[in-house]
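Below is one structure, written out as structure tokens, with a few remarks after it.
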Amino acid sequence: MAGVDYLADERNKAEFDVDSMKIVWAGSRHTFEVADRISKLVANDPAFRKDDRPMLPRKELFKNTLRKAAYAWKLITELRLSEEEASKLRFFVDEPAYTDLHWGMFVPALKGQCTDEQQSKWLPLAYKMQIIGCYAQTELGHGSNVQGLETTATFDPQTDEFVIHSPTLTSSKCYHTVEVLCTWWPGGLGKVSTHAVVYARLITDGKDHGVHGFIVQLRSMEDHKPLPGITVGDIGMKFGNGAYNTMDNGVLTLDHVRIPRDQMMMRVSQVTREGKYKQSDVPRQLVYGTMVYVRQKIVADASCALSKAVCIATRYSAVRRQFGSQNGGPETQSAHYRKSYTGLIQVIDYKTQQNRLFPLLASAYAFRFVGEWLKWLYTDVTQRLAVNDFSTLPEAHACTAGLKSLTTTATADGIEECRKLCGGHGYLCTSGLPELFAVYVPACTYEGDNIVLLLQVARFLMKTVSQIGSGKQPVGTIAYMGRVEHLLKSRCSVQRAEDWLNPSQVLEAFEARAARMSVSCAQNLSKFSNPEEGFAELSADLVEAAVAHCQLIVVSKFLDKLQQDIPGKGVKQLLQAVCGIYYLSLLHKHQGEFLATSYITPKQAALASDQLRALYSKVRPNAIALVDSFNYTDHFLGSILGCYDGNVYPKLYEAAKKDPLNDTVVPDGYHEYLKPLLKQQLHSAKL
Ligand SMILES: CCCCCCCCCCCCCCCCCCCCCCC/C=C/C(=O)SCCNC(=O)CCNC(=O)[C@H](O)C(C)(C)COP(=O)(O)OP(=O)(O)OC[C@H]1O[C@@H](n2cnc3c(N)ncnc32)[C@H](O)[C@@H]1OP(=O)(O)O
Ligand SMILES: Cc1cc2nc3c(=O)[nH]c(=O)nc-3n(C[C@H](O)[C@H](O)[C@H](O)COP(=O)(O)OP(=O)(O)OC[C@H]3O[C@@H](n4cnc5c(N)ncnc54)[C@H](O)[C@@H]3O)c2cc1C
């Protein structure tokens, strides 16, 4: 049966040009070509095999990751891959490793927070991987509350050094009941990193200046042993088999570790030889700059993880058949399936399946486009910062924090929904979905807990509302607040289901809902004499207002994308339908908020649902082509259920045969534990 494409009929139904859609998904023809080439390079190289991951014991799993990373680095240098190609290589290798933290956080922290002089010393070493770094911020007792970190960096003017120290119960600064308040979680710290960017409270002359970043060498460059005063190790197994256990998340205690003064990262503030603390003209918040960078990356990554799950669930939903008549099937079925599954219904044709699957497919596209936009926003703010224009930093922080929260929550939930959409087989490791979920779900926590980040967005929104009428015109993603009077009064004008396809109508609906929710929170807040108390009391409502604002951003960026010239037969039309599914499914899910704020009527909500169903029918024949447009190799998908040719069942059978438990017909342990048991039963039965 080799070579048969069981999804060929599905592919033939497509009403748009898949090759053009692949370019839209990739972002440009160039990006598509790079991704296509590198994905094949990885897929065809047995060194990057990953199907054994869920079965490997931790030590072997980790060593394997070290091997892959070293091999990847060899390829990168030998093939002289560009930065873009190297990061695609990392993406398609699809395995979390210490290199993520080195390139994704350590290097960006050096770039963003070091002076030019410091960069010229550290960056060349980091670029050549002659040192390997991690980002050591979170402590056992403090993650979200960065200002609460307790590790100290005390300047010693005698030696021109900082003394870095993790507090213990004996420390007067320790407010906790655990014995050691160490650094806890940093990826790459446990077993690999030679250096870390450590965040600690800066103390000069007895004065606490708050949290600052320091470059600390952890391990000897000779034998990799921890340096004096440093205790370091792995924090232990994490959720899932394989999954994030390829990463050595670490624990670190620093016992009066001395570093030279020039290893404080001094772009934002400096300590002079005399021990004087000085602040540059740049805002203090730049100390948090690395997090803004990574949050932006995480948003781009969400569409990748969600699209992977959706590709698996969509292909499998077209392969899987349940119920239906036994007397003849639709003409569109392939010869193979006509023979073996005559008349059975593909589960993708169940409206309930479409109602769960298609909004996720639409979200994958929506997150792709908002990720592209966020990258642009990040580049823009970086260019402004370089010329000391800090005006857009608060918006960049709110957008990266809010969209990180929105997209990772939806993606983690979406992956789990895809597992359920695949029925029982989705629970098998060979479906790829359990590992994908286990690797992905901590994204809801790392780089800022998703609720904590939404509260940051809410603060930004409340600040914006409080400034309405002050003459300060809101701009960018918050510009709609400048039309708040209109948005509070206006009413939806939809009369027929098709009116919900009108972009300006849709935009106004999402703007009105977001503005009304924010204004309502602000009004309730104003009833409290203590604003912080009010903020805490109303935080659940504030989080909902923040979500409404973030959903508006995603919808508006998708609509903006559709304003562009999009070449390729039928591509734009399909994307319009996909976009419609995205916003109408949100409208349906959050109907209560749209109705409660009185922008829409129950009749208009019902018309939105009618239009949503019509769009499901439009997308259904294109579903397989829409997931083919992601251009994922079978290696990258790592899923039998999602394989390109749809030949699921023989592959499942073959994979089961290869499970180590099936190495022997009679299991190990039979003689020790089963035979005596069975014998005993036989004996007692005889009695
Ligand atoms: C085997 C394969 C091998 C392949 C090999 C190939 C090799 C080469 C390949 C190269 C490819 C590279 C690939 C790179 C991949 C990159 C991927 C990245 C990987 C990501 C992994 C992530 C791991 C996780 C890391 C972490 O989790 S790090 C720790 C993160 N911690 C947090 O996020 C903590 C959350 N808390 C906070 O952010 C803050 O404390 C807070 C926002 C909650 C603060 O709240 P608070 O109100 O207390 O604030 P402050 O008083 O401190 O400040 C108030 C004002 O400051 C503003 N503010 C806050 N934050 C920011 C900010 N970030 N920016 C700007 N402004 C900010 C507030 O808004 C306040 O402003 P106001 O005063 O005007 O109101
Ligand atoms: C896989 C993984 C990798 C990581 N890698 C790194 C790394 O490389 N470097 C690093 O420094 N750190 C790393 N971290 C740590 C990570 O950044 C923190 O775990 C994260 O910031 C959340 O902080 P926390 O653990 O203190 O959660 P907590 O803040 O303790 O959250 C617990 C609960 O309290 C709630 N909560 C907390 N504060 C508030 C509030 N103000 N209002 C309302 N609710 C609140 C949260 O919503 C959550 O439900 C990693 C974590 C994980 C899971």
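Chains: A, B, ... in order of the structure tokens. Residues: from 1 per chain. Ligands: from 1, in order shown.
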Distance filter 7 Å around ligand 1, atoms: only C-alpha atoms and all ligand atoms, out as a ChimeraX atom specification: /A:65-66,68-69,72-73,86-87,89-90,93-97,99-101,103-105,135,137-138,143-147,186-187,285-286,288-289,291-292,294,297-298,393-394,397,446-449,452-453,456,459-460
Please produce an output containing C-alpha atoms for each residue in the selection, written as an mmCIF file, in the first residue's frame.
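Done, and the output landed in selection-v9.cif:
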data_model
loop_
_atom_site.group_PDB
_atom_site.id
_atom_site.type_symbol
_atom_site.label_atom_id
_atom_site.label_comp_id
_atom_site.auth_asym_id
_atom_site.auth_seq_id
_atom_site.Cartn_x
_atom_site.Cartn_y
_atom_site.Cartn_z
ATOM 1 C CA THR A 65 19.772 16.092 23.582
ATOM 2 C CA LEU A 66 23.380 17.079 24.247
ATOM 3 C CA LYS A 68 21.762 16.543 19.006
ATOM 4 C CA ALA A 69 22.687 20.061 20.091
ATOM 5 C CA ALA A 72 23.250 20.791 15.187
ATOM 6 C CA TRP A 73 25.985 23.263 16.076
ATOM 7 C CA ALA A 86 19.961 28.157 12.307
ATOM 8 C CA SER A 87 16.776 29.155 14.050
ATOM 9 C CA LEU A 89 17.016 24.212 12.228
ATOM 10 C CA ARG A 90 16.261 24.546 15.947
ATOM 11 C CA VAL A 93 14.687 19.623 15.366
ATOM 12 C CA ASP A 94 11.817 20.216 17.748
ATOM 13 C CA GLU A 95 13.496 19.485 21.043
ATOM 14 C CA PRO A 96 13.835 21.883 23.979
ATOM 15 C CA ALA A 97 17.492 22.253 24.920
ATOM 16 C CA THR A 99 20.613 26.210 23.527
ATOM 17 C CA ASP A 100 17.143 27.832 23.681
ATOM 18 C CA LEU A 101 18.081 29.710 26.819
ATOM 19 C CA TRP A 103 20.346 32.017 22.314
ATOM 20 C CA GLY A 104 16.854 32.996 23.396
ATOM 21 C CA MET A 105 17.582 34.711 26.723
ATOM 22 C CA TYR A 135 18.771 33.347 32.490
ATOM 23 C CA GLN A 137 15.872 35.114 37.624
ATOM 24 C CA THR A 138 13.262 32.955 39.336
ATOM 25 C CA GLY A 143 8.797 33.998 40.279
ATOM 26 C CA SER A 144 6.055 36.432 39.344
ATOM 27 C CA ASN A 145 7.117 39.056 41.826
ATOM 28 C CA VAL A 146 10.454 40.045 40.364
ATOM 29 C CA GLN A 147 10.821 43.015 42.702
ATOM 30 C CA PRO A 186 16.311 28.353 34.858
ATOM 31 C CA GLY A 187 16.653 26.160 31.778
ATOM 32 C CA GLN A 285 11.949 48.835 33.062
ATOM 33 C CA LEU A 286 14.598 48.022 30.473
ATOM 34 C CA TYR A 288 12.832 43.585 32.054
ATOM 35 C CA GLY A 289 13.648 43.951 28.347
ATOM 36 C CA MET A 291 11.195 39.242 28.882
ATOM 37 C CA VAL A 292 9.544 41.535 26.326
ATOM 38 C CA VAL A 294 10.967 36.415 24.628
ATOM 39 C CA LYS A 297 8.896 35.049 20.403
ATOM 40 C CA ILE A 298 6.453 32.944 22.409
ATOM 41 C CA LEU A 393 7.538 50.902 25.661
ATOM 42 C CA PRO A 394 4.370 50.673 27.826
ATOM 43 C CA HIS A 397 4.945 45.660 27.266
ATOM 44 C CA TYR A 446 7.015 30.671 32.131
ATOM 45 C CA GLU A 447 7.910 34.159 30.973
ATOM 46 C CA GLY A 448 5.166 35.360 33.270
ATOM 47 C CA ASP A 449 2.132 33.525 34.609
ATOM 48 C CA VAL A 452 -0.223 37.971 36.211
ATOM 49 C CA LEU A 453 0.465 39.197 32.666
ATOM 50 C CA GLN A 456 -0.377 44.085 33.617
ATOM 51 C CA ARG A 459 -3.225 48.258 34.567
ATOM 52 C CA PHE A 460 -2.347 49.694 31.179
#
Within 9 Å of Val163 of chain A using only C-alpha atoms, minus same-chain residues under 6 positions, as a PyMOL selection string: chain A and resi 152-156+255-259
Within 8 Å of segment 366-382 of chain A using only C-alpha atoms, minus same-chain residues under 6 positions, as a ChimeraX atom specification: /A:25,27,293,296-297,299-300,302-304,390,392-393,396,399-400,407,553-555,557-558,561,579,582
Those same residues, written as a PDB file, in the first residue's frame with C-alpha atoms?
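Wrote selection-v2.pdb, looks like this:
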ATOM      1  CA  TRP A  25       1.728  31.089   6.084  1.00  0.00           C
ATOM      2  CA  GLY A  27       5.424  35.116   5.591  1.00  0.00           C
ATOM      3  CA  TYR A 293      11.717  39.993  23.620  1.00  0.00           C
ATOM      4  CA  GLN A 296       7.128  38.246  21.502  1.00  0.00           C
ATOM      5  CA  LYS A 297       8.896  35.049  20.403  1.00  0.00           C
ATOM      6  CA  VAL A 299       3.500  34.511  20.583  1.00  0.00           C
ATOM      7  CA  ALA A 300       5.060  33.597  17.233  1.00  0.00           C
ATOM      8  CA  ALA A 302       2.012  29.639  19.652  1.00  0.00           C
ATOM      9  CA  SER A 303       0.792  29.465  16.060  1.00  0.00           C
ATOM     10  CA  CYS A 304       3.412  26.786  15.374  1.00  0.00           C
ATOM     11  CA  PHE A 390      10.775  55.340  25.128  1.00  0.00           C
ATOM     12  CA  THR A 392       6.002  53.109  22.945  1.00  0.00           C
ATOM     13  CA  LEU A 393       7.538  50.902  25.661  1.00  0.00           C
ATOM     14  CA  ALA A 396       4.950  47.091  23.747  1.00  0.00           C
ATOM     15  CA  CYS A 399       0.941  43.879  23.886  1.00  0.00           C
ATOM     16  CA  THR A 400       3.663  41.298  24.463  1.00  0.00           C
ATOM     17  CA  THR A 407      -2.155  32.854  22.642  1.00  0.00           C
ATOM     18  CA  ILE A 553      -5.925  43.116  18.781  1.00  0.00           C
ATOM     19  CA  VAL A 554      -5.852  39.633  17.230  1.00  0.00           C
ATOM     20  CA  VAL A 555      -9.068  40.218  15.276  1.00  0.00           C
ATOM     21  CA  LYS A 557      -4.548  42.321  12.887  1.00  0.00           C
ATOM     22  CA  PHE A 558      -6.230  39.479  10.983  1.00  0.00           C
ATOM     23  CA  LYS A 561      -3.855  41.290   6.894  1.00  0.00           C
ATOM     24  CA  CYS A 579     -10.941  34.996   9.741  1.00  0.00           C
ATOM     25  CA  TYR A 582     -12.035  33.170  14.249  1.00  0.00           C
TER      26      TYR A 582
END
Among segment 580-624 of chain A, which residues carry a DSSP assignment of alpha helix (DSSP H), reported as a PyMOL selection string? chain A and resi 580-589+591-596+602-619+623-624
Once you have the residues from the selection above, write them out as a tab-separated table (two decimals), in the first residue's frame, restricted to N, CA and C atoms.
chain	number	residue	atom	x	y	z
A	580	GLY	N	-13.35	34.92	9.50
A	580	GLY	CA	-14.75	34.96	9.98
A	580	GLY	C	-14.98	33.93	11.07
A	581	ILE	N	-14.43	32.73	10.86
A	581	ILE	CA	-14.59	31.68	11.88
A	581	ILE	C	-13.91	32.12	13.17
A	582	TYR	N	-12.75	32.75	13.03
A	582	TYR	CA	-12.03	33.17	14.25
A	582	TYR	C	-12.90	34.15	15.05
A	583	TYR	N	-13.35	35.23	14.41
A	583	TYR	CA	-14.05	36.24	15.23
A	583	TYR	C	-15.46	35.81	15.62
A	584	LEU	N	-16.13	35.07	14.73
A	584	LEU	CA	-17.50	34.68	15.09
A	584	LEU	C	-17.50	33.60	16.18
A	585	SER	N	-16.49	32.75	16.19
A	585	SER	CA	-16.45	31.75	17.28
A	585	SER	C	-16.14	32.44	18.61
A	586	LEU	N	-15.32	33.50	18.55
A	586	LEU	CA	-15.07	34.26	19.79
A	586	LEU	C	-16.34	34.96	20.24
A	587	LEU	N	-17.03	35.54	19.25
A	587	LEU	CA	-18.27	36.25	19.58
A	587	LEU	C	-19.28	35.29	20.21
A	588	HIS	N	-19.33	34.08	19.65
A	588	HIS	CA	-20.27	33.09	20.18
A	588	HIS	C	-19.87	32.68	21.61
A	589	LYS	N	-18.57	32.43	21.80
A	589	LYS	CA	-18.09	31.98	23.10
A	589	LYS	C	-18.29	33.06	24.18
A	591	GLN	N	-20.49	35.52	23.99
A	591	GLN	CA	-21.78	36.16	23.72
A	591	GLN	C	-22.29	36.98	24.91
A	592	GLY	N	-22.12	36.39	26.10
A	592	GLY	CA	-22.61	37.05	27.32
A	592	GLY	C	-22.07	38.46	27.44
A	593	GLU	N	-20.78	38.64	27.14
A	593	GLU	CA	-20.17	39.97	27.28
A	593	GLU	C	-20.69	40.93	26.21
A	594	PHE	N	-20.83	40.43	24.98
A	594	PHE	CA	-21.34	41.31	23.91
A	594	PHE	C	-22.79	41.72	24.21
A	595	LEU	N	-23.56	40.77	24.78
A	595	LEU	CA	-24.96	41.08	25.09
A	595	LEU	C	-25.05	41.97	26.33
A	596	ALA	N	-24.24	41.63	27.34
A	596	ALA	CA	-24.33	42.39	28.61
A	596	ALA	C	-23.94	43.84	28.41
A	602	PRO	N	-29.90	39.82	21.20
A	602	PRO	CA	-29.91	38.35	21.07
A	602	PRO	C	-30.12	37.91	19.62
A	603	LYS	N	-30.94	38.67	18.88
A	603	LYS	CA	-31.20	38.31	17.48
A	603	LYS	C	-29.90	38.39	16.66
A	604	GLN	N	-29.14	39.44	16.92
A	604	GLN	CA	-27.87	39.61	16.18
A	604	GLN	C	-26.86	38.52	16.56
A	605	ALA	N	-26.91	38.09	17.84
A	605	ALA	CA	-26.02	36.99	18.26
A	605	ALA	C	-26.42	35.71	17.52
A	606	ALA	N	-27.71	35.52	17.34
A	606	ALA	CA	-28.18	34.31	16.64
A	606	ALA	C	-27.76	34.37	15.16
A	607	LEU	N	-27.79	35.56	14.57
A	607	LEU	CA	-27.36	35.71	13.17
A	607	LEU	C	-25.86	35.41	13.04
A	608	ALA	N	-25.11	35.78	14.06
A	608	ALA	CA	-23.66	35.49	14.05
A	608	ALA	C	-23.45	33.98	14.03
A	609	SER	N	-24.25	33.25	14.80
A	609	SER	CA	-24.11	31.78	14.82
A	609	SER	C	-24.50	31.18	13.47
A	610	ASP	N	-25.52	31.75	12.83
A	610	ASP	CA	-25.90	31.26	11.49
A	610	ASP	C	-24.74	31.43	10.52
A	611	GLN	N	-24.12	32.61	10.59
A	611	GLN	CA	-23.02	32.89	9.67
A	611	GLN	C	-21.83	31.98	9.96
A	612	LEU	N	-21.62	31.70	11.23
A	612	LEU	CA	-20.51	30.82	11.61
A	612	LEU	C	-20.71	29.43	10.99
A	613	ARG	N	-21.93	28.92	11.08
A	613	ARG	CA	-22.19	27.59	10.49
A	613	ARG	C	-21.95	27.61	8.98
A	614	ALA	N	-22.37	28.70	8.35
A	614	ALA	CA	-22.17	28.80	6.89
A	614	ALA	C	-20.66	28.77	6.57
A	615	LEU	N	-19.87	29.41	7.42
A	615	LEU	CA	-18.43	29.43	7.16
A	615	LEU	C	-17.79	28.06	7.39
A	616	TYR	N	-18.33	27.30	8.32
A	616	TYR	CA	-17.82	25.93	8.51
A	616	TYR	C	-17.99	25.15	7.20
A	617	SER	N	-19.16	25.32	6.58
A	617	SER	CA	-19.41	24.59	5.32
A	617	SER	C	-18.46	25.04	4.23
A	618	LYS	N	-18.14	26.33	4.24
A	618	LYS	CA	-17.22	26.86	3.22
A	618	LYS	C	-15.81	26.28	3.44
A	619	VAL	N	-15.42	26.16	4.69
A	619	VAL	CA	-14.05	25.72	5.00
A	619	VAL	C	-13.91	24.20	4.88
A	623	ALA	N	-10.36	22.00	4.28
A	623	ALA	CA	-9.70	21.82	5.58
A	623	ALA	C	-8.33	21.16	5.43
A	624	ILE	N	-8.26	20.08	4.65
A	624	ILE	CA	-6.98	19.38	4.51
A	624	ILE	C	-5.96	20.29	3.82
Excluding Ala305 of chain A and its own-chain neighbours fewer than 4 positions away, which residues fall within 9 Å of it when counting only C-alpha atoms? Please give them as a ChimeraX atom specification. /A:301,309-310,364,411-412,415,436-437,440
I need the chosen residues saved as a tab-separated table (two decimals), in the first residue's frame, with C-alpha atoms.
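Once everything was written out, this is result.tsv:
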chain	number	residue	atom	x	y	z
A	301	ASP	CA	5.64	30.10	18.56
A	309	ALA	CA	-1.95	19.93	16.75
A	310	VAL	CA	-4.62	21.14	14.34
A	364	ALA	CA	-3.64	29.00	14.30
A	411	THR	CA	-2.87	27.00	22.32
A	412	ALA	CA	-2.47	24.79	25.40
A	415	ILE	CA	-3.77	21.05	21.85
A	436	LEU	CA	3.18	18.26	22.35
A	437	PHE	CA	0.84	19.19	25.19
A	440	TYR	CA	3.75	23.31	25.45
Which residues are close to segment 189-197 of chain A, i.e. within 8 Å by only C-alpha atoms, leaving aside same-chain residues fewer than 3 positions away? Reply as a PyMOL selection string. chain A and resi 98+106+109+131-137+186+213-221+224+232-235+248-252
Okay, now the selection with N, CA and C atoms, as a short mmCIF file (atom, residue, chain, number, x, y, z; two decimals), in the first residue's frame?
data_model
loop_
_atom_site.label_atom_id
_atom_site.label_comp_id
_atom_site.auth_asym_id
_atom_site.auth_seq_id
_atom_site.Cartn_x
_atom_site.Cartn_y
_atom_site.Cartn_z
N TYR A 98 19.20 23.36 26.22
CA TYR A 98 19.88 24.50 26.85
C TYR A 98 20.16 25.61 25.84
N PHE A 106 19.97 34.40 27.21
CA PHE A 106 21.28 34.88 27.68
C PHE A 106 21.82 35.93 26.70
N ALA A 109 19.82 39.11 26.68
CA ALA A 109 20.06 39.89 27.91
C ALA A 109 21.37 40.66 27.79
N ILE A 131 31.30 30.22 25.65
CA ILE A 131 30.64 30.16 26.96
C ILE A 131 29.17 29.84 26.67
N ILE A 132 28.51 29.18 27.61
CA ILE A 132 27.09 28.87 27.44
C ILE A 132 26.36 29.48 28.63
N GLY A 133 25.31 30.25 28.31
CA GLY A 133 24.66 30.99 29.39
C GLY A 133 23.19 30.66 29.57
N CYS A 134 22.68 31.02 30.74
CA CYS A 134 21.24 30.87 31.00
C CYS A 134 20.73 32.14 31.67
N TYR A 135 19.43 32.16 31.95
CA TYR A 135 18.77 33.35 32.49
C TYR A 135 18.23 32.99 33.87
N ALA A 136 18.97 33.39 34.91
CA ALA A 136 18.65 32.94 36.27
C ALA A 136 17.95 34.04 37.06
N GLN A 137 16.65 34.08 36.94
CA GLN A 137 15.87 35.11 37.62
C GLN A 137 15.01 34.52 38.73
N PRO A 186 15.69 27.99 36.13
CA PRO A 186 16.31 28.35 34.86
C PRO A 186 16.72 27.16 33.99
N GLY A 213 20.77 42.95 36.90
CA GLY A 213 21.34 41.73 36.32
C GLY A 213 22.86 41.69 36.44
N PHE A 214 23.41 40.49 36.69
CA PHE A 214 24.85 40.29 36.84
C PHE A 214 25.29 39.06 36.05
N ILE A 215 26.48 39.15 35.46
CA ILE A 215 27.00 37.97 34.75
C ILE A 215 27.85 37.18 35.74
N VAL A 216 27.45 35.94 35.98
CA VAL A 216 28.15 35.13 36.97
C VAL A 216 28.66 33.85 36.30
N GLN A 217 29.96 33.59 36.47
CA GLN A 217 30.47 32.31 35.97
C GLN A 217 30.13 31.22 36.99
N LEU A 218 29.58 30.11 36.49
CA LEU A 218 29.11 29.06 37.39
C LEU A 218 30.07 27.89 37.47
N ARG A 219 30.61 27.54 36.29
CA ARG A 219 31.39 26.30 36.21
C ARG A 219 32.76 26.58 35.65
N SER A 220 33.69 25.73 36.02
CA SER A 220 35.07 25.86 35.53
C SER A 220 35.09 25.61 34.02
N MET A 221 35.91 26.38 33.33
CA MET A 221 36.05 26.17 31.89
C MET A 221 36.99 25.00 31.63
N HIS A 224 34.39 21.74 34.06
CA HIS A 224 32.94 21.90 34.17
C HIS A 224 32.42 21.78 35.61
N VAL A 232 25.03 23.68 42.38
CA VAL A 232 24.13 23.72 41.23
C VAL A 232 23.75 22.30 40.83
N GLY A 233 22.50 22.14 40.34
CA GLY A 233 22.04 20.82 39.89
C GLY A 233 20.69 20.93 39.19
N ASP A 234 20.17 19.78 38.77
CA ASP A 234 18.89 19.74 38.06
C ASP A 234 17.75 19.67 39.08
N ILE A 235 16.58 20.24 38.74
CA ILE A 235 15.47 20.24 39.72
C ILE A 235 14.61 18.99 39.64
N ASP A 248 17.55 20.84 31.17
CA ASP A 248 18.07 20.74 32.54
C ASP A 248 17.70 22.00 33.32
N ASN A 249 16.43 22.10 33.69
CA ASN A 249 16.05 23.23 34.56
C ASN A 249 16.78 23.05 35.89
N GLY A 250 17.30 24.16 36.42
CA GLY A 250 18.26 23.99 37.51
C GLY A 250 17.96 24.72 38.79
N VAL A 251 18.73 24.30 39.82
CA VAL A 251 18.71 24.95 41.13
C VAL A 251 20.13 25.46 41.39
N LEU A 252 20.19 26.63 42.00
CA LEU A 252 21.51 27.27 42.20
C LEU A 252 21.53 27.99 43.54
#
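Between atom CA of Ala577 of chain A and atom CA of Asp5 of chain A there is a distance of 27.0 Å.
Here atom CA of Glu139 of chain A and atom CA of Val439 of chain A stand 21.7 Å from one another.
Residue nearest Leu403 of chain A within the list A:Cys311, A:Gly423, A:Gln158, A:Arg295: A:Arg295 [criterion: smallest interatomic distance, only C-alpha atoms].
Taking atom CA of Val42 of chain A and atom CA of His635 of chain A as the two end points, the separation is 8.1 Å.
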Can you work out which one of A:Leu125, A:Leu552, A:Val441, A:Cys492 has the shortest atom-to-atom distance to ligand 2, counting only C-alpha atoms and all ligand atoms? A:Val441
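Comparing A:Ile203, A:Leu661, A:Val494, A:Ala401 by their smallest distance to Thr601 of chain A, the closest is A:Val494 (using only C-alpha atoms).
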